[in-house]
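A.B. asks: Contents of query.txt (compact mmCIF, C-alpha atoms) are given next:
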```
# COMPACT_ATOMS: atom_id res chain seq x y z
CA MET A 1 -13.10 -42.83 0.62
CA ALA A 2 -10.66 -40.66 -1.32
CA ALA A 3 -11.85 -37.26 -2.45
CA PRO A 4 -12.68 -37.09 -6.18
CA THR A 5 -10.31 -35.27 -8.48
CA LEU A 6 -11.05 -31.63 -9.20
CA ASP A 7 -11.49 -32.47 -12.89
CA ALA A 8 -14.26 -34.93 -11.97
CA VAL A 9 -16.01 -32.43 -9.68
CA LEU A 10 -15.90 -29.70 -12.34
CA THR A 11 -17.26 -32.07 -14.99
CA GLY A 12 -20.04 -33.32 -12.71
CA LEU A 13 -21.30 -29.82 -11.93
CA ALA A 14 -21.25 -28.98 -15.63
CA GLN A 15 -23.35 -32.04 -16.41
CA ASP A 16 -25.80 -31.06 -13.66
CA GLU A 17 -26.08 -27.54 -15.17
CA ALA A 18 -25.28 -26.11 -11.76
CA THR A 19 -25.38 -22.41 -10.83
CA GLY A 20 -23.33 -21.31 -7.84
CA SER A 21 -19.79 -21.35 -6.48
CA LEU A 22 -17.43 -24.26 -5.89
CA ARG A 23 -14.92 -23.61 -3.11
CA VAL A 24 -11.72 -25.59 -3.71
CA GLY A 25 -10.17 -25.84 -0.25
CA LYS A 26 -8.40 -22.56 0.50
CA GLU A 27 -6.94 -22.40 -2.99
CA GLY A 28 -9.74 -20.80 -4.99
CA THR A 29 -13.33 -20.67 -6.21
CA VAL A 30 -15.01 -21.67 -9.46
CA TYR A 31 -18.26 -19.88 -10.37
CA TYR A 32 -20.92 -21.63 -12.46
CA ASP A 33 -23.87 -20.33 -14.42
CA HIS A 34 -26.16 -23.10 -15.74
CA GLY A 35 -23.31 -25.58 -16.02
CA ARG A 36 -20.79 -23.25 -17.61
CA VAL A 37 -17.89 -21.61 -15.78
CA SER A 38 -18.28 -17.84 -15.62
CA TYR A 39 -15.25 -16.96 -13.50
CA VAL A 40 -12.41 -18.59 -11.53
CA GLU A 41 -10.44 -17.18 -8.60
CA CYS A 42 -7.16 -18.63 -7.35
CA ALA A 43 -5.17 -17.53 -4.33
CA ALA A 44 -1.95 -17.86 -6.35
CA THR A 45 -2.91 -15.56 -9.24
CA PRO A 46 -4.03 -11.94 -9.74
CA GLY A 47 -7.77 -11.58 -10.33
CA VAL A 48 -9.56 -8.95 -12.39
CA GLU A 49 -9.36 -6.54 -9.46
CA GLY A 50 -5.59 -6.98 -9.22
CA LEU A 51 -5.05 -6.61 -12.96
CA LEU A 52 -7.15 -3.44 -13.11
CA GLY A 53 -5.51 -1.99 -10.00
CA ALA A 54 -1.98 -2.63 -11.27
CA SER A 55 -2.82 -1.02 -14.60
CA GLY A 56 -4.02 2.12 -12.82
CA ARG A 57 -7.56 1.83 -14.18
CA ILE A 58 -9.12 1.71 -10.71
CA SER A 59 -7.84 2.00 -7.15
CA ALA A 60 -8.29 -0.55 -4.39
CA ASN A 61 -10.84 1.78 -2.79
CA GLY A 62 -12.66 2.03 -6.11
CA VAL A 63 -12.89 -1.75 -6.31
CA ARG A 64 -14.23 -1.97 -2.76
CA HIS A 65 -16.89 0.69 -3.43
CA ALA A 66 -17.99 -1.00 -6.67
CA ARG A 67 -18.17 -4.36 -4.91
CA GLN A 68 -20.24 -2.95 -2.04
CA GLU A 69 -22.56 -1.11 -4.40
CA ALA A 70 -23.10 -4.17 -6.59
CA GLY A 71 -23.97 -6.30 -3.56
CA PRO A 72 -24.72 -10.05 -3.60
CA GLY A 73 -25.97 -11.18 -6.99
CA GLY A 74 -25.27 -7.77 -8.53
CA ASP A 75 -23.35 -6.86 -11.67
CA GLY A 76 -20.29 -4.91 -10.61
CA GLY A 77 -18.73 -5.32 -14.04
CA ALA A 78 -21.62 -3.52 -15.72
CA LEU A 79 -21.35 -0.82 -13.05
CA LEU A 80 -17.67 -0.23 -13.95
CA VAL A 81 -18.53 -0.09 -17.65
CA ASP A 82 -21.42 2.34 -17.11
CA ARG A 83 -19.12 4.66 -15.16
CA GLY A 84 -16.50 4.62 -17.89
CA VAL A 85 -13.82 2.88 -15.82
CA LEU A 86 -13.32 0.43 -18.69
CA SER A 87 -15.06 -0.62 -21.88
CA ARG A 88 -17.20 -3.73 -22.31
CA GLY A 89 -14.43 -5.33 -24.38
CA GLU A 90 -11.80 -4.55 -21.75
CA LEU A 91 -13.98 -6.10 -19.05
CA GLU A 92 -14.50 -9.27 -21.07
CA PHE A 93 -10.78 -9.52 -21.86
CA CYS A 94 -9.87 -9.12 -18.16
CA VAL A 95 -12.36 -11.82 -17.17
CA LEU A 96 -11.03 -14.13 -19.90
CA SER A 97 -7.40 -13.57 -18.89
CA ALA A 98 -7.96 -13.88 -15.13
CA THR A 99 -10.14 -16.98 -15.47
CA LEU A 100 -7.74 -18.90 -17.72
CA ASP A 101 -4.87 -17.89 -15.45
CA ALA A 102 -6.61 -18.99 -12.23
CA ALA A 103 -7.99 -22.21 -13.74
CA PHE A 104 -4.51 -23.31 -14.85
CA PHE A 105 -2.98 -22.94 -11.37
CA LEU A 106 -6.05 -24.28 -9.58
CA VAL A 107 -6.30 -27.43 -11.69
CA ALA A 108 -2.52 -28.00 -11.61
CA SER A 109 -2.34 -27.79 -7.80
CA SER A 110 -5.55 -29.65 -6.93
CA LYS A 111 -5.66 -33.20 -8.24
CA THR A 112 -7.72 -34.37 -5.26
CA VAL A 113 -9.14 -31.81 -2.87
CA ARG A 114 -12.08 -31.19 -0.56
CA THR A 115 -14.67 -29.01 -2.25
CA ARG A 116 -17.89 -27.28 -1.20
CA PHE A 117 -20.62 -26.07 -3.55
CA ARG A 118 -22.90 -23.15 -2.68
CA GLU A 119 -26.05 -23.04 -4.75
CA GLY A 120 -26.82 -19.68 -6.38
CA GLU A 121 -23.74 -17.79 -5.15
CA ALA A 122 -22.32 -15.47 -7.84
CA HIS A 123 -19.18 -13.37 -8.23
CA TRP A 124 -19.66 -9.65 -7.62
CA LEU A 125 -18.50 -8.79 -11.17
CA GLY A 126 -21.48 -10.62 -12.64
CA VAL A 127 -21.41 -12.90 -15.67
CA HIS A 128 -19.42 -11.54 -18.62
CA TRP A 129 -17.90 -14.66 -20.22
CA PHE A 130 -18.68 -18.37 -20.42
CA PHE A 131 -16.30 -21.34 -20.49
CA ASP A 132 -17.39 -24.93 -21.06
CA VAL A 133 -15.58 -27.25 -18.65
CA PRO A 134 -14.10 -29.65 -21.27
CA GLY A 135 -12.68 -26.68 -23.19
CA LEU A 136 -11.28 -25.15 -20.00
CA LEU A 137 -9.53 -28.40 -19.07
CA ARG A 138 -8.13 -28.75 -22.59
CA GLU A 139 -6.72 -25.22 -22.39
CA CYS A 140 -5.06 -26.05 -19.05
CA ALA A 141 -3.45 -29.12 -20.64
CA ARG A 142 -2.30 -27.08 -23.65
CA ARG A 143 -0.69 -24.53 -21.36
CA ARG A 144 1.11 -27.24 -19.37
CA ALA A 145 2.50 -28.66 -22.61
CA ARG A 146 3.67 -25.23 -23.73
CA LEU A 147 5.55 -24.73 -20.46
CA GLU A 148 7.27 -28.08 -20.94
CA ARG A 149 8.30 -27.15 -24.48
CA ALA A 150 9.74 -23.84 -23.29
CA TRP A 151 11.79 -25.32 -20.41
CA PRO A 152 11.13 -28.94 -19.31
CA SER A 153 11.66 -28.37 -15.59
CA ALA A 154 9.54 -26.88 -12.81
CA GLU A 155 12.63 -25.78 -10.85
CA LEU A 156 11.94 -22.07 -11.45
CA ASP A 157 8.17 -22.07 -10.93
CA ALA A 158 8.26 -21.44 -7.17
CA ARG A 159 11.81 -20.12 -6.80
CA PRO A 160 12.93 -16.47 -6.75
CA VAL A 161 13.93 -15.29 -10.22
CA THR A 162 17.57 -14.26 -10.53
CA PRO A 163 18.76 -12.78 -13.84
CA LEU A 164 22.38 -13.25 -14.85
CA ARG A 165 24.49 -10.35 -13.67
CA ARG A 166 25.73 -9.85 -17.21
CA ILE A 167 23.44 -11.06 -19.96
CA PRO A 168 25.35 -12.96 -22.67
CA GLY A 169 24.94 -11.99 -26.30
CA SER A 170 22.01 -13.35 -28.27
CA HIS A 171 20.24 -12.30 -31.43
CA ALA A 172 16.85 -13.37 -30.08
CA LEU A 173 14.31 -10.58 -29.71
CA LEU A 174 13.02 -10.33 -26.15
CA THR A 175 9.36 -9.59 -25.55
CA ARG A 176 8.24 -6.58 -23.51
CA LEU A 177 7.27 -8.89 -20.64
CA GLN A 178 10.69 -10.59 -20.69
CA TRP A 179 12.41 -7.18 -20.43
CA GLU A 180 10.06 -6.19 -17.60
CA LEU A 181 10.98 -9.39 -15.74
CA LEU A 182 14.71 -8.89 -16.17
CA LEU A 183 14.31 -5.38 -14.74
CA ALA A 184 11.96 -6.34 -11.90
CA ALA A 185 13.61 -9.60 -10.79
CA ASP A 186 15.53 -9.04 -7.55
CA SER A 187 16.38 -12.61 -6.50
CA SER A 188 13.63 -12.50 -3.87
CA ALA A 189 10.37 -12.68 -5.86
CA THR A 190 8.98 -15.83 -7.47
CA PRO A 191 7.34 -15.71 -10.92
CA VAL A 192 3.86 -15.45 -9.36
CA GLU A 193 5.00 -12.67 -7.02
CA LEU A 194 6.51 -10.83 -9.98
CA ALA A 195 3.20 -11.21 -11.83
CA ARG A 196 1.37 -9.48 -8.97
CA ARG A 197 4.03 -6.78 -8.78
CA LEU A 198 3.81 -6.06 -12.51
CA GLY A 199 0.05 -6.55 -12.86
CA ARG A 200 0.59 -9.38 -15.34
CA PRO A 201 -1.15 -12.76 -15.63
CA ALA A 202 0.74 -15.39 -13.61
CA TYR A 203 0.85 -17.97 -16.41
CA SER A 204 2.29 -15.50 -18.93
CA THR A 205 4.93 -14.53 -16.38
CA LEU A 206 5.80 -18.14 -15.62
CA LEU A 207 6.10 -18.93 -19.33
CA ALA A 208 8.33 -15.89 -19.87
CA VAL A 209 10.61 -16.99 -17.01
CA ARG A 210 10.95 -20.47 -18.50
CA GLU A 211 11.73 -18.94 -21.90
CA LEU A 212 14.39 -16.76 -20.28
CA ALA A 213 15.84 -19.89 -18.69
CA ALA A 214 15.97 -21.60 -22.08
CA ALA A 215 17.78 -18.55 -23.47
CA GLY A 216 20.30 -18.66 -20.63
CA LEU A 217 19.26 -15.28 -19.20
CA VAL A 218 18.25 -16.32 -15.67
CA VAL A 219 20.08 -18.44 -13.12
CA THR A 220 19.04 -22.09 -13.09
CA ALA A 221 20.36 -25.09 -11.17
CA GLU A 222 22.53 -25.86 -14.17
CA THR A 223 24.11 -22.39 -14.47
CA ALA A 224 24.47 -22.03 -10.70
CA ALA A 225 26.66 -25.15 -10.68
CA LEU A 226 29.09 -23.76 -13.27
CA PRO A 227 32.48 -22.55 -11.97
CA LYS A 228 32.85 -18.81 -11.52
CA ARG A 229 34.81 -17.11 -14.27
CA THR A 230 36.51 -13.75 -14.39
CA PRO A 231 34.46 -11.64 -16.81
CA LYS A 232 36.21 -10.40 -19.93
CA PRO A 233 36.23 -6.66 -20.71
CA PRO A 234 33.18 -5.84 -22.86
CA ALA A 235 33.69 -5.29 -26.56
CA PRO A 236 33.13 -1.77 -27.94
CA ARG A 237 29.41 -1.07 -27.91
CA GLU A 238 27.46 -0.73 -31.11
CA GLU A 239 24.17 1.03 -31.68
CA PRO A 240 21.29 -1.36 -30.83
CA GLN A 241 19.44 -2.74 -33.80
CA ARG A 242 16.00 -1.27 -34.44
CA THR A 243 13.03 -3.47 -35.19
CA GLY A 244 9.53 -2.80 -36.35
CA SER A 245 8.14 -3.53 -32.88
CA GLY A 246 10.27 -0.85 -31.24
CA LEU A 247 11.58 -3.37 -28.68
CA PRO A 248 15.33 -3.63 -28.05
CA GLN A 249 17.32 -6.62 -29.23
CA VAL A 250 20.04 -8.37 -27.29
CA ASN A 251 23.09 -8.02 -29.54
CA ALA A 252 26.60 -9.44 -29.40
CA ASP A 253 27.58 -7.15 -26.52
CA ALA A 254 26.84 -8.24 -22.96
CA THR A 255 24.12 -6.12 -21.35
CA ASP A 256 24.80 -5.09 -17.75
CA VAL A 257 21.71 -5.70 -15.62
CA ASN A 258 22.75 -2.87 -13.30
CA LEU A 259 22.58 -0.50 -16.26
CA LEU A 260 19.04 -1.69 -17.02
CA LEU A 261 18.05 -1.16 -13.39
CA ARG A 262 19.42 2.39 -13.43
CA LEU A 263 17.51 3.06 -16.65
CA ARG A 264 14.30 1.76 -15.06
CA ASP A 265 14.81 3.95 -11.97
CA ALA A 266 15.42 7.01 -14.16
CA LEU A 267 12.25 6.40 -16.17
CA GLU A 268 10.18 5.90 -13.02
CA ALA A 269 11.51 9.18 -11.64
CA LEU A 270 10.20 11.19 -14.63
```
Output the structure of this file as structure tokens.

C.D. replies:
Amino acid sequence: MAAPTLDAVLTGLAQDEATGSLRVGKEGTVYYDHGRVSYVECAATPGVEGLLGASGRISANGVRHARQEAGPGGDGGALLVDRGVLSRGELEFCVLSATLDAAFFLVASSKTVRTRFREGEAHWLGVHWFFDVPGLLRECARRRARLERAWPSAELDARPVTPLRRIPGSHALLTRLQWELLLAADSSATPVELARRLGRPAYSTLLAVRELAAAGLVVTAETAALPKRTPKPPAPREEPQRTGSGLPQVNADATDVNLLLRLRDALEAL
């Protein structure tokens, strides 16, 4: 008999008002509290610990100590709040972000999979947010649709991100994450690996990469197949336009990625 789909397993546990953890092969774990999802882990995405560590809020050793002190069934999240590592709102936002991120990749990669449920097992952070299963599945579907609208191809999802050597002119305002990706991409890291490196949610990173592809700012199968052309000398540079957000705009001049990399290195050296 074929294994049930992950959607069906998640829905069944919700209907049974289960409390415990659902192991989804080696890909991740879904935590339940009385039929509602309280947290999701996925091997492909950064969890709360990774997001906090990358932001500098807590070290890896600090996470290990908090986890050990909380113990099985404890509330490590409340422990971090009580010690001033982060506020209650920051904790809830991290749980929300990490859970939606992990659920998207877990559901997308696991149509049918072997699962194992452990009654009563809880995540060390404790319960700090609830998600009803139908709403969680609807959000996963909404995110898939948004990816398709941004760039209707999965070619870049698991491939190293390579920015164009010289970024063509565009009047579109790039987001902070898009600039971070253009600076961090080294033709060896995939979108998910870049997310871990930058301490960003994996879905947001993947969406930004697809948006960069749609804007013609990263190499795709289509641009890689174009014949090589001798670059024209750049036009005289103008002062970059200022916007209310304080983020740079890509103007009519081509932006040299090497220049951006040198700027990043200089800032990191301060």

A.B. asks: Between atom CA of A:Asp33 and atom CA of A:Trp129, what is the distance in Å, rounded to a tenth?

C.D. replies: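 Separating atom CA of A:Asp33 from atom CA of A:Trp129 is a distance of 10.1 Å.
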
A.B. asks: What separation in Å, quoted to one decimal, exists between atom CA of A:Val113 and atom CA of A:Tyr31?

C.D. replies: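 Those two atoms sit 16.8 Å apart.
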
A.B. asks: Under the rule that only C-alpha atoms are counted, which of A:Thr29, A:Ser59, A:Ser109, A:Ser188 is the nearest residue to A:Thr5?

C.D. replies: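 The shortest atom-to-atom distance to A:Thr5 comes from A:Ser109.
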
A.B. asks: Using atom CA of A:Ala141 and atom CA of A:Thr190 as the two end points, give the distance in Å to one decimal.

C.D. replies: 22.5 Å

A.B. asks: I want to know what sits within 12 Å of stretch 92-96 of chain A, based on all atoms listed in the file, with residues of the same chain fewer than 2 positions away left out; could you give that as a tab-separated table (two decimals) with C-alpha atoms, in the frame of the given file?

C.D. replies:
```
chain	number	residue	atom	x	y	z
A	37	VAL	CA	-17.89	-21.61	-15.78
A	38	SER	CA	-18.28	-17.84	-15.62
A	39	TYR	CA	-15.25	-16.96	-13.50
A	40	VAL	CA	-12.41	-18.59	-11.53
A	41	GLU	CA	-10.44	-17.18	-8.60
A	46	PRO	CA	-4.03	-11.94	-9.74
A	47	GLY	CA	-7.77	-11.58	-10.33
A	48	VAL	CA	-9.56	-8.95	-12.39
A	49	GLU	CA	-9.36	-6.54	-9.46
A	50	GLY	CA	-5.59	-6.98	-9.22
A	51	LEU	CA	-5.05	-6.61	-12.96
A	52	LEU	CA	-7.15	-3.44	-13.11
A	53	GLY	CA	-5.51	-1.99	-10.00
A	55	SER	CA	-2.82	-1.02	-14.60
A	57	ARG	CA	-7.56	1.83	-14.18
A	77	GLY	CA	-18.73	-5.32	-14.04
A	78	ALA	CA	-21.62	-3.52	-15.72
A	80	LEU	CA	-17.67	-0.23	-13.95
A	81	VAL	CA	-18.53	-0.09	-17.65
A	86	LEU	CA	-13.32	0.43	-18.69
A	87	SER	CA	-15.06	-0.62	-21.88
A	88	ARG	CA	-17.20	-3.73	-22.31
A	89	GLY	CA	-14.43	-5.33	-24.38
A	90	GLU	CA	-11.80	-4.55	-21.75
A	98	ALA	CA	-7.96	-13.88	-15.13
A	99	THR	CA	-10.14	-16.98	-15.47
A	100	LEU	CA	-7.74	-18.90	-17.72
A	101	ASP	CA	-4.87	-17.89	-15.45
A	102	ALA	CA	-6.61	-18.99	-12.23
A	103	ALA	CA	-7.99	-22.21	-13.74
A	123	HIS	CA	-19.18	-13.37	-8.23
A	125	LEU	CA	-18.50	-8.79	-11.17
A	126	GLY	CA	-21.48	-10.62	-12.64
A	127	VAL	CA	-21.41	-12.90	-15.67
A	128	HIS	CA	-19.42	-11.54	-18.62
A	129	TRP	CA	-17.90	-14.66	-20.22
A	130	PHE	CA	-18.68	-18.37	-20.42
A	131	PHE	CA	-16.30	-21.34	-20.49
A	136	LEU	CA	-11.28	-25.15	-20.00
A	199	GLY	CA	0.05	-6.55	-12.86
A	200	ARG	CA	0.59	-9.38	-15.34
A	201	PRO	CA	-1.15	-12.76	-15.63
```

A.B. asks: Compare A:Ala3, A:Val218, A:Phe117, A:Thr11 by their minimum atom-to-atom distance to A:Arg166, counting all atoms listed in the file, and give me the closest one.

C.D. replies: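 Comparing A:Ala3, A:Val218, A:Phe117, A:Thr11 against A:Arg166, the winner is A:Val218.
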
A.B. asks: Neighbours of A:Glu17 within 7 Å (all atoms listed in the file; same-chain residues fewer than 4 positions away dropped), as a list in words?

C.D. replies: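 Residues meeting the cut-off are Leu13, His34 and Gly35 of chain A.
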
A.B. asks: Name the closest residue to A:Ala189 among the candidates A:Val161, A:Ala154, A:Ala214, A:Ser204; distances are taken between atoms, counting only C-alpha atoms.

C.D. replies: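 Under the stated criterion, the closest residue is A:Val161.
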
A.B. asks: To box stretch 64-72 of chain A, take all atoms listed in the file, fit an axis-aligned box, add 6 Å on each side, and give centre and edge lengths in Å to one decimal, as JSON.

C.D. replies:
```
{"center_x": -19.5, "center_y": -4.7, "center_z": -4.4, "size_x": 22.5, "size_y": 22.7, "size_z": 16.6}
```

A.B. asks: Place a sphere of radius 12 Å on (14.5, -15.2, -17.9) in the file coordinates and name every protein, DNA or RNA residue with an atom inside or on its surface, counting only C-alpha atoms; give the answer as a ChimeraX atom specification.

C.D. replies: /A:150-151,156-157,160-165,167,174-175,177-185,187,190-191,205-220

A.B. asks: Name the closest residue to A:Phe105 among the candidates A:Arg67, A:Arg144, A:Arg118, A:Arg138; distances are taken between atoms, counting only C-alpha atoms.

C.D. replies: A:Arg144
